[in-house]
file protein.tsv (TSV, N, CA and C atoms)
chain	number	residue	atom	x	y	z
A	25	MET	N	11.00	83.33	-34.84
A	25	MET	CA	10.26	83.42	-36.06
A	25	MET	C	11.01	84.32	-37.03
A	26	LYS	N	11.52	83.72	-38.04
A	26	LYS	CA	12.30	84.46	-39.03
A	26	LYS	C	11.47	84.66	-40.28
A	27	THR	N	11.68	85.82	-40.90
A	27	THR	CA	11.02	86.09	-42.18
A	27	THR	C	11.84	85.44	-43.29
A	28	LEU	N	11.26	85.38	-44.45
A	28	LEU	CA	11.96	84.79	-45.59
A	28	LEU	C	13.23	85.58	-45.90
A	29	ARG	N	13.19	86.90	-45.74
A	29	ARG	CA	14.36	87.73	-45.99
A	29	ARG	C	15.50	87.34	-45.04
A	30	GLU	N	15.20	87.12	-43.77
A	30	GLU	CA	16.23	86.75	-42.80
A	30	GLU	C	16.79	85.36	-43.10
A	31	ILE	N	15.94	84.47	-43.58
A	31	ILE	CA	16.41	83.12	-43.93
A	31	ILE	C	17.37	83.20	-45.12
A	32	VAL	N	17.06	84.06	-46.09
A	32	VAL	CA	17.94	84.25	-47.25
A	32	VAL	C	19.29	84.79	-46.78
A	33	VAL	N	19.29	85.71	-45.83
A	33	VAL	CA	20.54	86.26	-45.29
A	33	VAL	C	21.35	85.16	-44.62
A	34	ILE	N	20.70	84.28	-43.89
A	34	ILE	CA	21.39	83.16	-43.24
A	34	ILE	C	22.10	82.30	-44.28
A	35	HIS	N	21.38	81.95	-45.35
A	35	HIS	CA	21.97	81.12	-46.41
A	35	HIS	C	23.11	81.85	-47.13
A	36	ASP	N	22.92	83.15	-47.34
A	36	ASP	CA	23.96	83.94	-48.01
A	36	ASP	C	25.24	84.00	-47.17
A	37	LEU	N	25.09	84.22	-45.88
A	37	LEU	CA	26.26	84.27	-44.99
A	37	LEU	C	26.96	82.91	-44.93
A	38	ARG	N	26.18	81.85	-44.99
A	38	ARG	CA	26.78	80.51	-44.96
A	38	ARG	C	27.59	80.27	-46.24
A	39	ARG	N	27.05	80.73	-47.40
A	39	ARG	CA	27.77	80.58	-48.66
A	39	ARG	C	29.06	81.39	-48.67
A	40	GLN	N	29.09	82.47	-47.91
A	40	GLN	CA	30.30	83.28	-47.81
A	40	GLN	C	31.35	82.63	-46.91
A	41	GLY	N	30.98	81.53	-46.25
A	41	GLY	CA	31.95	80.78	-45.46
A	41	GLY	C	31.89	81.02	-43.96
A	42	LEU	N	30.92	81.76	-43.48
A	42	LEU	CA	30.81	81.98	-42.04
A	42	LEU	C	30.31	80.72	-41.34
A	43	SER	N	30.77	80.52	-40.13
A	43	SER	CA	30.31	79.37	-39.36
A	43	SER	C	28.91	79.65	-38.81
A	44	ILE	N	28.25	78.60	-38.35
A	44	ILE	CA	26.90	78.74	-37.80
A	44	ILE	C	26.92	79.67	-36.59
A	45	THR	N	27.94	79.51	-35.74
A	45	THR	CA	28.06	80.36	-34.55
A	45	THR	C	28.28	81.82	-34.94
A	46	ALA	N	29.11	82.06	-35.97
A	46	ALA	CA	29.37	83.43	-36.42
A	46	ALA	C	28.10	84.07	-37.00
A	47	ILE	N	27.33	83.28	-37.75
A	47	ILE	CA	26.08	83.78	-38.31
A	47	ILE	C	25.11	84.15	-37.18
A	48	ALA	N	25.02	83.26	-36.20
A	48	ALA	CA	24.12	83.50	-35.07
A	48	ALA	C	24.52	84.76	-34.32
A	49	ARG	N	25.81	84.93	-34.11
A	49	ARG	CA	26.30	86.12	-33.41
A	49	ARG	C	25.99	87.39	-34.21
A	50	LYS	N	26.20	87.32	-35.51
A	50	LYS	CA	26.00	88.48	-36.38
A	50	LYS	C	24.52	88.88	-36.45
A	51	LEU	N	23.63	87.88	-36.48
A	51	LEU	CA	22.20	88.16	-36.61
A	51	LEU	C	21.49	88.29	-35.26
A	52	GLY	N	22.18	87.94	-34.19
A	52	GLY	CA	21.58	88.05	-32.86
A	52	GLY	C	20.52	87.02	-32.58
A	53	CYS	N	20.74	85.80	-33.07
A	53	CYS	CA	19.79	84.73	-32.78
A	53	CYS	C	20.56	83.49	-32.31
A	54	ASP	N	19.85	82.48	-31.91
A	54	ASP	CA	20.48	81.27	-31.40
A	54	ASP	C	21.06	80.46	-32.56
A	55	ARG	N	22.16	79.75	-32.30
A	55	ARG	CA	22.79	78.97	-33.37
A	55	ARG	C	21.91	77.80	-33.80
A	56	LYS	N	21.06	77.31	-32.88
A	56	LYS	CA	20.14	76.23	-33.26
A	56	LYS	C	19.10	76.72	-34.27
A	57	THR	N	18.73	77.98	-34.15
A	57	THR	CA	17.81	78.56	-35.13
A	57	THR	C	18.47	78.65	-36.49
A	58	VAL	N	19.73	79.08	-36.51
A	58	VAL	CA	20.47	79.16	-37.77
A	58	VAL	C	20.59	77.78	-38.39
A	59	ARG	N	20.94	76.79	-37.58
A	59	ARG	CA	21.09	75.42	-38.07
A	59	ARG	C	19.77	74.90	-38.64
A	60	LYS	N	18.67	75.20	-37.96
A	60	LYS	CA	17.36	74.75	-38.43
A	60	LYS	C	17.04	75.33	-39.80
A	61	HIS	N	17.30	76.62	-39.99
A	61	HIS	CA	16.98	77.26	-41.27
A	61	HIS	C	17.93	76.80	-42.38
A	62	LEU	N	19.16	76.48	-42.04
A	62	LEU	CA	20.07	75.93	-43.05
A	62	LEU	C	19.62	74.54	-43.47
A	63	ARG	N	19.10	73.79	-42.52
A	63	ARG	CA	18.66	72.43	-42.81
A	63	ARG	C	17.37	72.41	-43.64
A	64	THR	N	16.44	73.33	-43.36
A	64	THR	CA	15.15	73.31	-44.06
A	64	THR	C	15.19	73.96	-45.43
A	65	GLY	N	16.19	74.74	-45.72
A	65	GLY	CA	16.29	75.36	-47.04
A	65	GLY	C	15.64	76.72	-47.07
A	66	LEU	N	15.28	77.16	-48.27
A	66	LEU	CA	14.75	78.52	-48.45
A	66	LEU	C	13.23	78.58	-48.44
A	67	GLU	N	12.59	77.67	-47.77
A	67	GLU	CA	11.13	77.72	-47.73
A	67	GLU	C	10.68	78.70	-46.64
A	68	ALA	N	9.61	79.39	-46.93
A	68	ALA	CA	9.08	80.36	-45.97
A	68	ALA	C	8.50	79.63	-44.77
A	69	PRO	N	8.69	80.16	-43.59
A	69	PRO	CA	8.14	79.49	-42.41
A	69	PRO	C	6.62	79.52	-42.44
A	70	SER	N	6.03	78.42	-42.07
A	70	SER	CA	4.56	78.35	-42.04
A	70	SER	C	4.12	78.13	-40.60
A	71	TYR	N	3.14	78.88	-40.21
A	71	TYR	CA	2.63	78.79	-38.85
A	71	TYR	C	1.16	78.44	-38.92
A	72	LYS	N	0.76	77.49	-38.14
A	72	LYS	CA	-0.65	77.11	-38.14
A	72	LYS	C	-1.33	77.71	-36.91
A	73	ALA	N	-2.59	77.96	-37.05
A	73	ALA	CA	-3.35	78.54	-35.95
A	73	ALA	C	-3.50	77.51	-34.84
A	74	GLN	N	-3.36	77.97	-33.62
A	74	GLN	CA	-3.52	77.07	-32.49
A	74	GLN	C	-4.99	76.87	-32.19
A	75	GLU	N	-5.31	75.69	-31.69
A	75	GLU	CA	-6.68	75.43	-31.28
A	75	GLU	C	-6.95	76.21	-30.00
A	76	PRO	N	-8.13	76.78	-29.88
A	76	PRO	CA	-8.43	77.51	-28.65
A	76	PRO	C	-8.46	76.55	-27.46
A	77	ARG	N	-7.91	77.01	-26.35
A	77	ARG	CA	-7.88	76.17	-25.16
A	77	ARG	C	-9.27	76.13	-24.53
A	78	PRO	N	-9.61	75.03	-23.89
A	78	PRO	CA	-10.93	74.96	-23.26
A	78	PRO	C	-11.02	75.93	-22.09
A	79	ASN	N	-12.18	76.52	-21.92
A	79	ASN	CA	-12.41	77.45	-20.82
A	79	ASN	C	-12.82	76.64	-19.60
A	80	LEU	N	-11.97	76.61	-18.58
A	80	LEU	CA	-12.25	75.82	-17.38
A	80	LEU	C	-13.41	76.39	-16.58
A	81	LEU	N	-13.68	77.66	-16.75
A	81	LEU	CA	-14.71	78.33	-15.97
A	81	LEU	C	-16.11	78.14	-16.55
A	82	GLU	N	-16.19	77.79	-17.82
A	82	GLU	CA	-17.48	77.73	-18.51
A	82	GLU	C	-18.54	76.87	-17.80
A	83	PRO	N	-18.21	75.66	-17.31
A	83	PRO	CA	-19.24	74.86	-16.64
A	83	PRO	C	-19.77	75.51	-15.35
A	84	PHE	N	-19.05	76.46	-14.78
A	84	PHE	CA	-19.44	77.05	-13.51
A	84	PHE	C	-20.00	78.46	-13.65
A	85	GLU	N	-20.07	78.97	-14.88
A	85	GLU	CA	-20.52	80.34	-15.09
A	85	GLU	C	-21.96	80.54	-14.64
A	86	ALA	N	-22.84	79.59	-14.93
A	86	ALA	CA	-24.25	79.72	-14.54
A	86	ALA	C	-24.38	79.77	-13.02
A	87	CYS	N	-23.62	78.93	-12.35
A	87	CYS	CA	-23.64	78.90	-10.89
A	87	CYS	C	-23.17	80.24	-10.32
A	88	LEU	N	-22.08	80.75	-10.87
A	88	LEU	CA	-21.54	82.03	-10.39
A	88	LEU	C	-22.52	83.17	-10.65
A	89	ARG	N	-23.15	83.16	-11.83
A	89	ARG	CA	-24.13	84.21	-12.14
A	89	ARG	C	-25.29	84.18	-11.15
A	90	GLY	N	-25.76	82.98	-10.83
A	90	GLY	CA	-26.86	82.84	-9.88
A	90	GLY	C	-26.49	83.32	-8.49
A	91	ARG	N	-25.31	82.94	-8.03
A	91	ARG	CA	-24.87	83.34	-6.69
A	91	ARG	C	-24.67	84.85	-6.61
A	92	VAL	N	-24.11	85.45	-7.65
A	92	VAL	CA	-23.89	86.90	-7.63
A	92	VAL	C	-25.23	87.64	-7.71
A	93	ALA	N	-26.19	87.10	-8.49
A	93	ALA	CA	-27.50	87.74	-8.57
A	93	ALA	C	-28.21	87.67	-7.22
A	94	GLU	N	-28.07	86.55	-6.53
A	94	GLU	CA	-28.73	86.37	-5.25
A	94	GLU	C	-28.03	87.15	-4.12
A	95	PHE	N	-26.71	87.07	-4.10
A	95	PHE	CA	-25.92	87.74	-3.06
A	95	PHE	C	-24.80	88.55	-3.71
A	96	PRO	N	-25.08	89.78	-4.12
A	96	PRO	CA	-24.07	90.56	-4.85
A	96	PRO	C	-22.84	90.93	-4.02
A	97	ASP	N	-22.94	90.84	-2.70
A	97	ASP	CA	-21.80	91.24	-1.86
A	97	ASP	C	-20.88	90.08	-1.49
A	98	LEU	N	-21.12	88.88	-2.02
A	98	LEU	CA	-20.22	87.76	-1.74
A	98	LEU	C	-18.84	88.06	-2.33
A	99	SER	N	-17.82	87.74	-1.58
A	99	SER	CA	-16.46	88.03	-2.06
A	99	SER	C	-16.06	87.05	-3.15
A	100	GLY	N	-15.11	87.48	-3.95
A	100	GLY	CA	-14.59	86.62	-5.01
A	100	GLY	C	-13.93	85.38	-4.44
A	101	ARG	N	-13.23	85.54	-3.32
A	101	ARG	CA	-12.57	84.38	-2.68
A	101	ARG	C	-13.59	83.36	-2.23
A	102	ARG	N	-14.71	83.81	-1.69
A	102	ARG	CA	-15.75	82.89	-1.23
A	102	ARG	C	-16.35	82.13	-2.41
A	103	LEU	N	-16.66	82.84	-3.48
A	103	LEU	CA	-17.22	82.19	-4.67
A	103	LEU	C	-16.21	81.23	-5.28
A	104	PHE	N	-14.95	81.62	-5.28
A	104	PHE	CA	-13.89	80.74	-5.79
A	104	PHE	C	-13.84	79.46	-4.97
A	105	ARG	N	-13.91	79.59	-3.65
A	105	ARG	CA	-13.88	78.42	-2.77
A	105	ARG	C	-15.08	77.50	-3.04
A	106	GLU	N	-16.25	78.10	-3.27
A	106	GLU	CA	-17.45	77.30	-3.53
A	106	GLU	C	-17.33	76.49	-4.82
A	107	ILE	N	-16.87	77.14	-5.90
A	107	ILE	CA	-16.77	76.37	-7.15
A	107	ILE	C	-15.60	75.40	-7.10
A	108	ARG	N	-14.61	75.70	-6.28
A	108	ARG	CA	-13.49	74.77	-6.10
A	108	ARG	C	-14.00	73.46	-5.50
A	109	GLU	N	-14.93	73.58	-4.53
A	109	GLU	CA	-15.53	72.40	-3.91
A	109	GLU	C	-16.41	71.63	-4.90
A	110	MET	N	-16.89	72.32	-5.93
A	110	MET	CA	-17.72	71.67	-6.95
A	110	MET	C	-16.88	71.02	-8.04
A	111	GLY	N	-15.54	71.20	-7.99
A	111	GLY	CA	-14.68	70.54	-8.96
A	111	GLY	C	-13.91	71.45	-9.89
A	112	TYR	N	-13.99	72.75	-9.71
A	112	TYR	CA	-13.25	73.69	-10.56
A	112	TYR	C	-11.76	73.53	-10.30
A	113	GLU	N	-10.97	73.46	-11.38
A	113	GLU	CA	-9.54	73.24	-11.25
A	113	GLU	C	-8.70	74.43	-11.69
A	114	GLY	N	-9.34	75.52	-12.04
A	114	GLY	CA	-8.61	76.70	-12.48
A	114	GLY	C	-8.12	77.55	-11.32
A	115	SER	N	-7.67	78.75	-11.64
A	115	SER	CA	-7.10	79.62	-10.61
A	115	SER	C	-8.06	80.76	-10.28
A	116	TYR	N	-7.77	81.41	-9.17
A	116	TYR	CA	-8.56	82.56	-8.73
A	116	TYR	C	-8.41	83.72	-9.71
A	117	SER	N	-7.23	83.83	-10.32
A	117	SER	CA	-7.00	84.93	-11.26
A	117	SER	C	-7.83	84.77	-12.53
A	118	THR	N	-8.43	83.62	-12.76
A	118	THR	CA	-9.36	83.43	-13.87
A	118	THR	C	-10.77	83.81	-13.45
A	119	VAL	N	-11.09	83.52	-12.20
A	119	VAL	CA	-12.44	83.79	-11.68
A	119	VAL	C	-12.66	85.29	-11.47
A	120	LYS	N	-11.65	85.97	-10.97
A	120	LYS	CA	-11.77	87.39	-10.59
A	120	LYS	C	-12.23	88.28	-11.75
A	121	PRO	N	-11.59	88.23	-12.95
A	121	PRO	CA	-12.07	89.09	-14.05
A	121	PRO	C	-13.48	88.73	-14.51
A	122	PHE	N	-13.84	87.44	-14.43
A	122	PHE	CA	-15.19	87.05	-14.82
A	122	PHE	C	-16.20	87.67	-13.86
A	123	LEU	N	-15.92	87.60	-12.56
A	123	LEU	CA	-16.82	88.18	-11.58
A	123	LEU	C	-16.96	89.69	-11.79
A	124	ARG	N	-15.91	90.34	-12.18
A	124	ARG	CA	-15.95	91.78	-12.41
A	124	ARG	C	-16.94	92.12	-13.53
A	125	THR	N	-17.06	91.22	-14.52
A	125	THR	CA	-17.97	91.50	-15.64
A	125	THR	C	-19.43	91.25	-15.28
A	126	ILE	N	-19.71	90.36	-14.32
A	126	ILE	CA	-21.10	90.02	-14.03
A	126	ILE	C	-21.66	90.74	-12.80
A	127	ARG	N	-20.81	91.33	-12.00
A	127	ARG	CA	-21.30	92.02	-10.80
A	127	ARG	C	-22.04	93.30	-11.20
A	128	PRO	N	-23.10	93.62	-10.45
A	128	PRO	CA	-23.78	94.89	-10.73
A	128	PRO	C	-22.88	96.05	-10.32
A	129	PRO	N	-23.00	97.17	-11.00
A	129	PRO	CA	-22.13	98.31	-10.64
A	129	PRO	C	-22.48	98.82	-9.25
A	130	ARG	N	-21.46	99.23	-8.53
A	130	ARG	CA	-21.69	99.77	-7.18
A	130	ARG	C	-22.17	101.20	-7.30
A	131	HIS	N	-23.22	101.49	-6.56
A	131	HIS	CA	-23.76	102.85	-6.57
A	131	HIS	C	-23.23	103.58	-5.35
A	132	THR	N	-22.47	104.62	-5.60
A	132	THR	CA	-22.00	105.44	-4.49
A	132	THR	C	-23.01	106.55	-4.28
A	133	PRO	N	-23.37	106.81	-3.04
A	133	PRO	CA	-24.39	107.84	-2.81
A	133	PRO	C	-23.86	109.22	-3.22
A	134	PHE	N	-24.74	109.96	-3.85
A	134	PHE	CA	-24.37	111.30	-4.30
A	134	PHE	C	-24.40	112.23	-3.11
A	135	GLU	N	-23.38	113.01	-2.95
A	135	GLU	CA	-23.30	113.94	-1.84
A	135	GLU	C	-23.42	115.35	-2.38
A	136	ARG	N	-24.48	116.02	-2.00
A	136	ARG	CA	-24.69	117.38	-2.48
A	136	ARG	C	-23.87	118.34	-1.63
A	137	ARG	N	-23.05	119.10	-2.30
A	137	ARG	CA	-22.22	120.08	-1.60
A	137	ARG	C	-22.96	121.42	-1.54
A	138	PHE	N	-22.76	122.09	-0.46
A	138	PHE	CA	-23.33	123.44	-0.38
A	138	PHE	C	-22.32	124.35	0.30
A	139	GLU	N	-22.35	125.57	-0.11
A	139	GLU	CA	-21.41	126.56	0.40
A	139	GLU	C	-22.16	127.57	1.26
A	140	THR	N	-21.52	127.96	2.34
A	140	THR	CA	-22.09	128.99	3.21
A	140	THR	C	-21.09	130.13	3.30
A	141	PRO	N	-21.56	131.29	3.61
A	141	PRO	CA	-20.63	132.42	3.77
A	141	PRO	C	-19.68	132.16	4.94
A	142	PRO	N	-18.50	132.72	4.90
A	142	PRO	CA	-17.55	132.52	6.00
A	142	PRO	C	-18.14	132.93	7.35
A	143	GLY	N	-17.93	132.10	8.36
A	143	GLY	CA	-18.39	132.38	9.71
A	143	GLY	C	-19.80	131.94	10.00
A	144	ARG	N	-20.52	131.40	9.04
A	144	ARG	CA	-21.92	130.99	9.25
A	144	ARG	C	-22.03	129.54	9.71
A	145	GLN	N	-21.08	128.70	9.34
A	145	GLN	CA	-21.17	127.28	9.69
A	145	GLN	C	-19.77	126.75	9.90
A	146	ALA	N	-19.63	125.84	10.87
A	146	ALA	CA	-18.33	125.23	11.14
A	146	ALA	C	-18.42	123.74	10.89
A	147	GLN	N	-17.30	123.15	10.55
A	147	GLN	CA	-17.26	121.71	10.32
A	147	GLN	C	-16.68	121.06	11.57
A	148	ALA	N	-17.43	120.15	12.15
A	148	ALA	CA	-16.95	119.43	13.33
A	148	ALA	C	-16.64	118.01	12.90
A	149	GLY	N	-15.46	117.58	13.17
A	149	GLY	CA	-15.10	116.29	12.64
A	149	GLY	C	-14.65	115.39	13.65

call {"tool": "encode", "arguments": {"input": "protein.tsv", "output": "structure tokens"}}
result
Amino acid sequence: MKTLREIVVIHDLRRQGLSITAIARKLGCDRKTVRKHLRTGLEAPSYKAQEPRPNLLEPFEACLRGRVAEFPDLSGRRLFREIREMGYEGSYSTVKPFLRTIRPPRHTPFERRFETPPGRQAQAG
């Protein structure tokens, strides 16, 4: 992706008599890129927005939410295998972050610490 300034430099170097390969070497880009910009002229590059890709997981989100609500300790691999049998064609790396967002937070039990004077209590492990 070249800016209009870089395209002008390409045309200027070509007018000075440099070859396409020499221009590419000097600017640190591929010679096919130089050739493309020489062919298209001095027009600014235009980029169009890409259409969003379809979410393969969307049809299975309700099922996953239900299973996680019913059995919060089910592993991601198990849930992935279940939706795979239902026709899901995506990857596990797509399912894993989604499951992380819908799982309830794990509650770790709070452990109250207490201090005793030296020699009053021993720790047996």

call {"tool": "select_by_dssp", "arguments": {"input": "protein.tsv", "residues": "chain A", "states": "alpha helix (DSSP H)", "output": "NGL selection string"}}
result
:A and (28-39 or 44-51 or 55-64 or 85-94 or 100-109 or 116-126)

call {"tool": "atom_distance", "arguments": {"input": "protein.tsv", "atom1": "atom CA of A:Ile47", "atom2": "atom CA of A:Val32"}}
result
12.1 Å

call {"tool": "closest_residue", "arguments": {"input": "protein.tsv", "among": "A:Gln74, A:Thr45, A:Ser115, A:Gln40", "to": "A:Arg59", "atoms": "all atoms listed in the file"}}
result
A:Thr45

call {"tool": "residues_around", "arguments": {"input": "protein.tsv", "residues": "A:Leu28", "least_positions_apart": "4", "cutoff": "6.5 Å", "atoms": "all atoms listed in the file", "output": "list in words"}}
result
Val32, Val33, Glu67, Ala68 and Pro69 of chain A

call {"tool": "closest_residue", "arguments": {"input": "protein.tsv", "among": "A:Arg89, A:Arg63, A:Lys50, A:Arg38", "to": "A:Ile126", "atoms": "only N, CA and C atoms"}}
result
A:Arg89

call {"tool": "atom_distance", "arguments": {"input": "protein.tsv", "atom1": "atom C of A:Tyr71", "atom2": "atom N of A:Leu37"}}
result
25.6 Å

call {"tool": "atom_distance", "arguments": {"input": "protein.tsv", "atom1": "atom C of A:Phe95", "atom2": "atom CA of A:Pro128"}}
result
9.5 Å

call {"tool": "closest_residue", "arguments": {"input": "protein.tsv", "among": "A:Pro76, A:Cys53, A:His61, A:Arg130", "to": "A:Ile31", "atoms": "all atoms listed in the file"}}
result
A:His61

call {"tool": "closest_residue", "arguments": {"input": "protein.tsv", "among": "A:Ile34, A:Val58, A:Leu123, A:Ile44", "to": "A:Leu88", "atoms": "only N, CA and C atoms"}}
result
A:Leu123
